[in-house]
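K.L.:
Below: one structure in structure tokens.
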Amino acid sequence: MKVVYCLVTLVTLVTLHGDAVSVSRDQPAAVVKENSFSEDNPLDTLFDTLMKDLVGLFSDIEDKEDTEDSEDSEDRASYHDGLEAKCPAGTFYNNTSKKCEACLPGTYSQANAEECTPCAEGTYNDIERQGSCKSCDAGTFANKTGSTLCLDCGPGTFTDVTKSTNCTACKAGQYSNSDHTDCRKCRPGTFSDKPLDTCTPCPKDTISGPGATKCTGCGPDTHPDEPKQQCITDPICYPGEYRDVDGSCAVCLAGSFSTAINSTSCTPCAVGHYNSETNQTSCLECSPGSFSNATGSTTCEGCVAGQYNSNNGSTDCSDCSAGTFSSGNATVCTACPAGQFNSVNGSALCTACDTGSSTNNETGSTKCNACKPGSFSGTSGSATCTSCAAGSSQDKKGQANCTFCIPGSSSPKEGAKTCAACEAGTFSNTTGSIMCTKCAAGSARNTTAATACITCTAGSFSPTEGAIVCTDCSAGTFSNETGSTVCSNCSAGSAQNNTAATSCDLCSPGSFSGEAAKLCTDCSAGTYADKSGSLKCDNCAAGSFQNSTGAVNCSVCSAGSFSVEASPLCTPCHAGQYAGTPGSVNCSACALGSSTDGNAGATKCDDCVAGKFANVTGSPICASCPVGSSTGNNTGATVCETCSAGKFSNSTGSAICTACQAGSSTLNITGSDSCSLCRPGSFSSDDGSAVCSVCPGGQYSDKNGTTTCSLCAAGNYSEPNATVCNMCTPGLFSNTTGSAECTKCAAGSSTESLRGSTNCTLCTAGHFAARAGSPSCDPCAVGTSTEDKAGADKCPLCEAGFFAEDTGSSSCDSCPAGSYSDSAGSSVCTVCAAGTVSAAPASVTCSLCAAGTTSPVNSTACSDCEAGSFADKVGSPECSPCAAGSYADKTGSVDCTDCVPGSYQDQTGQTVCALCAQGSYQDKKGGAVCKSCANSRTYTTYKTGSISEDACQGPLLNYTIAGKVSQLTDNDTVTVPESSTLVLTAVSGNWIARNPSNPYTETVLLIQGDKKTLKGPKVILEPLMTNIFCYKDTEGHGARFAGYQDKDIKGRQCESPCRNTESLPIGPHCQVQNETSPCGIPQCIWDVECSAGDGTGYRGLVNKATLEGGRSATCQRWDKDYPHVHTFHPTAYNTAKYGIGNDNSCRNPDPRNIQKPWCYTTDHWTRFGECSVPECGAAFDYFKH
């Protein structure tokens, strides 16, 4: 049975295993069925275990060949042949080990293979037990057979297809992308002359165009324009320079500057500003502590002593106020130090305070204050007055010293105005005392300002220091000396009920006392004291008692009672005990067989009467014998005798046991209280029987108390102890009376399920009885018949292709079309599995459906796969949905088509692919998702279906430090070495640059194509996104958009850059072949009413500021100076950087000091306030498609 079970399970697993391993690596995960085999599939483990079990079973069978016949050997050989023909895909049959073994990584096999095949070039297998090899992805290759992995393409090489055996080198002027799936042209300003992953920036003073293989220098009388990568003839005068009359560029002199390219003159520095170097783009503000009151200054003058200024860009200095002073070049005035002062403005120094005064440790004082009482100042220029030391005082102000305390007084703390008199219980006998001394224990003082204490008299005491009066001794104590610190307790045996006593009195007879007693205590009942001064009372001896208090002796107990030590009374003896003499200390227990009849205080015990017993000493009463026992008419009994088997007693106190009558017994039990009638199936014929006898086999009794058994009738039988005779069960019979058993019917016959039969009947046709004693003839099992014979003892199996689905069949039916039976004895025909069909009846197998088709179960024909699905092998049970990144647009497909570059499909089972949305692209085929631009925060695509990363547009800034060129696409801070300069080129978009170490330096604006040179040490660089790469819908659907995009949303070339001067709802657009086409410019994400980060990017319409107390005020317009004058007007820079316009919307042009949107208010008394704009959250990008 174990062999059959393992074979059936193995065949099922081989079928599942074969289906699973034929799935290609290129198929989506959804195609693989739930029972697929893989490295971590538990079916693999079960498969291997079953194979090992079968091999072990067959080995056991072969070991027993000597004891089995040749027919068994032939059966084993056929089983072995079956195993060799069913190795699943991914394994091969090893003729040596006679096992299916796994193919190693780098190889594969189909089902029933005898060896594994190495993977072809361009494919690989990285795990064992595979039915096919995986294709190398684009960008990788395998140039040999039997590969276990694919190699990445090297630098400057690519392959854009799968299953590649080598990679192709990029042409000169190109570079390979990061995943080596294609080559791209070098950007302008870079070149490549050999295969590389990146293009090399052109050396200084050279240029290049797209796809350049080298860089070229400009000719005579020309110079390179790096942003445009062109050679130009006219020199460019950069900011910090101006064009002279001869057309050449000259640097601005110290004290002047220029900010624009090709300026015709330099601007003098304004008052409060200066410039000490040439070639500057701005002037520096005079630092605090200096000023300039003329234009064109090259330096600033320092403030004189006694003056200061604290603002940048000052035109004069201010006098220091009284209480402060300054030296030259001061930015602030210094407060006079503690202990000094001045009282006039413009002072250069401060004056020291006189003795007896101070500035109370305060700086910036305009006068000195006299020392308060309790303090003094002995030197001039004191910052504070010193408190009088402990033990001294001063009651006047403005003093230079303090006075010591006299005897009888003290001052415990510093700063005392006067000395305090000693309190009662203390004294002082010296001058300058810090503390008064407490009176010693045993003395006291009840007046103040004392210089000594008084000793306590006899009968009194003081236990601690500092007593005001001495305390009288309490009752129970005494003191017989002066100066006592404690009173003594009265000794045991004495007492004292008065206070202030000097002695104690002895206790009288009949009483006693403990230590410190106020009174003596009478002796309690049961005790006595026969002398004076007793420390305690004595207990009455055992056998005596005393029921009064204060007694001097005890009395003896009478007979019949007893007492223990210290008893107030004598106790009568308990029932079952007795005491025969007076003065007893305990009572004696009654002997066995006697009691006191339940009476207490007894002087003797009586014997138990007949029928009763006492089996323990000290019994209070004699107990009656229980039922089933007796005392044999004896008195003084200690136990009762149990009735023997066959006898009983049914009442307590019985003297004898009665014998059971005939027909009953005590069931062989002793001590019975009654006799039981013999049960049916048993009998007894004598009196006094201990047990009843059982009826022998073939006899029975059906009543209680019987004395004989009856014989069973013919057709019946009985076993011993029977109450009735049983009829013979079906399949058995008997033909005599008194039978103890029935006889079995012969094989091929039965009693037709009847009971009590005397003969058997042959089985009818279609039924059989396989063994003797069959109760009835069984119908032939399904898949068998009797071939119309009667009296059969077995049913033959139906042939293959036929079946018998009912029991009791006399013939087998042929299997209908769409089903089959491949073995004999079938009860039903197996319907063709999904992916297989059979067209004729009586089939023994089903045919596989062709690739591209499938069928449900029980089919006679195959149908094509629906669009969006495929079947890549014959016999597919179902069509698999196309994987994500592919589609099938027709029926009957054997595979799916990859999505083309620029499209994707993230669902399975689809018939088309979708174009990549704005902001994404796909440069490879078969994409399940589209790729985001490298810096999705600042880069986006302006059309759908983009096929290259080059379609991502955004800001790009080249910056050069010490000859090294770097690129920037987002906010960053660049560190510039002290000996170097920073050269900026705005390649794409507009940029701003500012120096964080000098926040007052004007911010530099770079328009696309501009080149500027700046100094460090740090420069903050930021792209301007609004209306350059995205537009503001609140400004009229992008009416202010001024970006450089010149292609429409379909990627077509525009006649002019994208604009929306008409404020059309389609947003920025252009003309393409006489057609108005939108450009796909996204909205700026801050178009929503929320603020991110420091709020500098907020462009919403909130125009209310929140004031103190929850009030709100309308914002003041940025282009107005009323009611508050300010400097954040809508200049080109402020508009581009912070969104400052001719309106009153909340903005943040001052992020160094405020971290959220704000505005100047129309409230005359509140200059500015923060706006209640909700936070956008942590995620923040520039684009909103």
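Order determines the names: the first chain of the structure tokens is A, the second B, and so forth; residues in each chain are numbered 1 upward, and ligands are numbered 1 upward as they are shown.
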Just asking: which residues within range 527-637 of chain A are strand (DSSP E) according to DSSP, as an MDAnalysis selection string?

P.N.:
chainID A and resid 527:528 538:539 544:545 555:556 561:562 571:572 577:578 588:589 594:595 606:607 612:613 623:624 629:630

K.L.:
Write out as JSON, numbers by chain each polymer residue whose atoms come within 10 Å of Gly954 in chain A, counting only C-alpha atoms; drop sequence neighbours fewer than 2 positions from it.

P.N.:
{"A": [933, 935, 936, 937, 938, 939, 940, 941, 951, 952, 956, 969, 970, 988, 989, 1023, 1025, 1028, 1029, 1030]}

K.L.:
Name the residues in contact with Gly580 in chain A at a cut-off of 7 Å, using only C-alpha atoms, excluding same-chain residues fewer than 3 positions from it; report them as a PyMOL selection string.

P.N.:
chain A and resi 559-560+603

K.L.:
Since we have the selection now, will you write its residues out, keeping all heavy atoms, as a PDB file, in the first residue's frame?

P.N.:
ATOM      1  N   ALA A 559     -13.687  14.790  94.875  1.00  0.00           N
ATOM      2  CA  ALA A 559     -13.647  13.621  93.992  1.00  0.00           C
ATOM      3  C   ALA A 559     -14.587  13.835  92.806  1.00  0.00           C
ATOM      4  O   ALA A 559     -15.648  14.417  92.938  1.00  0.00           O
ATOM      5  CB  ALA A 559     -14.017  12.368  94.787  1.00  0.00           C
ATOM      6  N   GLY A 560     -14.233  13.262  91.600  1.00  0.00           N
ATOM      7  CA  GLY A 560     -15.049  13.420  90.390  1.00  0.00           C
ATOM      8  C   GLY A 560     -14.693  14.686  89.622  1.00  0.00           C
ATOM      9  O   GLY A 560     -15.328  14.998  88.619  1.00  0.00           O
ATOM     10  N   THR A 603     -17.344   8.752  88.981  1.00  0.00           N
ATOM     11  CA  THR A 603     -16.269   8.237  89.835  1.00  0.00           C
ATOM     12  C   THR A 603     -15.883   6.820  89.440  1.00  0.00           C
ATOM     13  O   THR A 603     -14.927   6.268  89.976  1.00  0.00           O
ATOM     14  CB  THR A 603     -16.714   8.265  91.307  1.00  0.00           C
ATOM     15  OG1 THR A 603     -17.893   7.465  91.450  1.00  0.00           O
ATOM     16  CG2 THR A 603     -17.001   9.692  91.747  1.00  0.00           C
TER      17      THR A 603
END

K.L.:
Got a sec: who's within 12 Å of range 604-606 of chain A, counting only C-alpha atoms, leaving out chain neighbours fewer than 5 positions off, as a ChimeraX atom specification?

P.N.:
/A:559-560,573-581,587-599,613-614,617-622,635-636

K.L.:
I want to know what sits within 12 Å of Ala475 in chain A, based on only C-alpha atoms, with residues of the same chain fewer than 5 positions away left out; could you give that as an NGL selection string?

P.N.:
:A and (459-460 or 487-490 or 495-504 or 515-519)

K.L.:
Find the residues near Cys660 in chain A: any atom within 6 Å, counting only C-alpha atoms, skip ones fewer than 3 places away on the same chain, and give them as a ChimeraX atom specification.

P.N.:
/A:646-647,665,675,687-688

K.L.:
Give the answer as one residue: which of A:Ser701, A:Thr836, A:Gln340, A:Thr784 has the shortest atom-to-atom distance to Ala824 in chain A, using only C-alpha atoms?

P.N.:
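The shortest atom-to-atom distance to Ala824 in chain A comes from A:Thr784.
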
K.L.:
Please identify all polymer residues within 8 Å of Gly632 in chain A, counting only C-alpha atoms, omitting same-chain residues fewer than 3 positions from it, and present them as a ChimeraX atom specification.

P.N.:
/A:610-611,641,655-656

K.L.:
For the selection you just gave me, I'd like the residues written to a file as a PDB file, in the first residue's frame, keeping all heavy atoms.

P.N.:
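Generated file (out-v7.pdb):
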ATOM      1  N   ALA A 610     -25.040  -6.547  76.215  1.00  0.00           N
ATOM      2  CA  ALA A 610     -24.998  -7.399  75.035  1.00  0.00           C
ATOM      3  C   ALA A 610     -25.580  -6.638  73.838  1.00  0.00           C
ATOM      4  O   ALA A 610     -26.589  -5.958  73.940  1.00  0.00           O
ATOM      5  CB  ALA A 610     -25.770  -8.685  75.277  1.00  0.00           C
ATOM      6  N   GLY A 611     -24.946  -6.785  72.634  1.00  0.00           N
ATOM      7  CA  GLY A 611     -25.396  -6.111  71.406  1.00  0.00           C
ATOM      8  C   GLY A 611     -24.742  -4.766  71.212  1.00  0.00           C
ATOM      9  O   GLY A 611     -24.988  -4.101  70.211  1.00  0.00           O
ATOM     10  N   GLU A 641     -18.820  -9.104  65.329  1.00  0.00           N
ATOM     11  CA  GLU A 641     -18.371 -10.054  64.326  1.00  0.00           C
ATOM     12  C   GLU A 641     -19.181  -9.880  63.052  1.00  0.00           C
ATOM     13  O   GLU A 641     -20.410  -9.737  63.105  1.00  0.00           O
ATOM     14  CB  GLU A 641     -18.531 -11.478  64.860  1.00  0.00           C
ATOM     15  CG  GLU A 641     -17.676 -11.764  66.081  1.00  0.00           C
ATOM     16  CD  GLU A 641     -17.907 -13.178  66.610  1.00  0.00           C
ATOM     17  OE1 GLU A 641     -18.808 -13.847  66.063  1.00  0.00           O
ATOM     18  OE2 GLU A 641     -17.210 -13.583  67.540  1.00  0.00           O
ATOM     19  N   ALA A 655     -27.768 -10.090  67.614  1.00  0.00           N
ATOM     20  CA  ALA A 655     -26.915 -11.044  68.330  1.00  0.00           C
ATOM     21  C   ALA A 655     -26.480 -12.186  67.414  1.00  0.00           C
ATOM     22  O   ALA A 655     -25.430 -12.788  67.652  1.00  0.00           O
ATOM     23  CB  ALA A 655     -27.659 -11.607  69.530  1.00  0.00           C
ATOM     24  N   ILE A 656     -27.276 -12.565  66.376  1.00  0.00           N
ATOM     25  CA  ILE A 656     -26.930 -13.661  65.474  1.00  0.00           C
ATOM     26  C   ILE A 656     -27.190 -13.208  64.038  1.00  0.00           C
ATOM     27  O   ILE A 656     -27.874 -12.195  63.804  1.00  0.00           O
ATOM     28  CB  ILE A 656     -27.748 -14.935  65.786  1.00  0.00           C
ATOM     29  CG1 ILE A 656     -29.256 -14.631  65.676  1.00  0.00           C
ATOM     30  CG2 ILE A 656     -27.393 -15.480  67.186  1.00  0.00           C
ATOM     31  CD1 ILE A 656     -30.128 -15.874  65.809  1.00  0.00           C
TER      32      ILE A 656
END

K.L.:
Which is closest to Phe1041 in chain A among A:Ala772, A:Leu982, A:Ala928, A:Ala1136, if we use only C-alpha atoms?

P.N.:
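Looking only at the distances to Phe1041 in chain A, the closest residue turns out to be A:Ala1136.
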
K.L.:
Return the single residue from A:Thr1003, A:Thr631, A:Ser821, A:Ser327 that is closest to Cys643 in chain A, with distances computed using only C-alpha atoms.

P.N.:
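Counting only C-alpha atoms, the residue closest to Cys643 in chain A is A:Thr631.
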
K.L.:
Using only C-alpha atoms, find the one residue out of A:Gly738, A:Pro680, A:Gly510, A:Pro1065 that sits nearest to Gly663 in chain A.

P.N.:
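For Gly663 in chain A, the nearest of the given residues is A:Pro680.
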
K.L.:
Mind pulling up the distance from CA of Ser282 in chain A to CA of Thr1026 in chain A?

P.N.:
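Result for CA of Thr1026 in chain A versus CA of Ser282 in chain A: 26.0 Å, one decimal.
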
K.L.:
Can you work out which one of A:Ser826, A:Asp778, A:Ser819, A:Ala400 has the shortest atom-to-atom distance to Ala804 in chain A, counting only C-alpha atoms?

P.N.:
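Going through A:Ser826, A:Asp778, A:Ser819, A:Ala400 one by one, the smallest distance to Ala804 in chain A is for A:Ser826.
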
K.L.:
Restricting the calculation to only C-alpha atoms, which member of A:Glu1108, A:Asp864, A:Thr1096, A:Thr91 is positioned closest to Arg1147 in chain A?

P.N.:
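Using only C-alpha atoms, the shortest distance to Arg1147 in chain A belongs to A:Thr1096.
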
K.L.:
CA of Ser876 in chain A and CA of Ala839 in chain A are how many Å apart?

P.N.:
18.1 Å
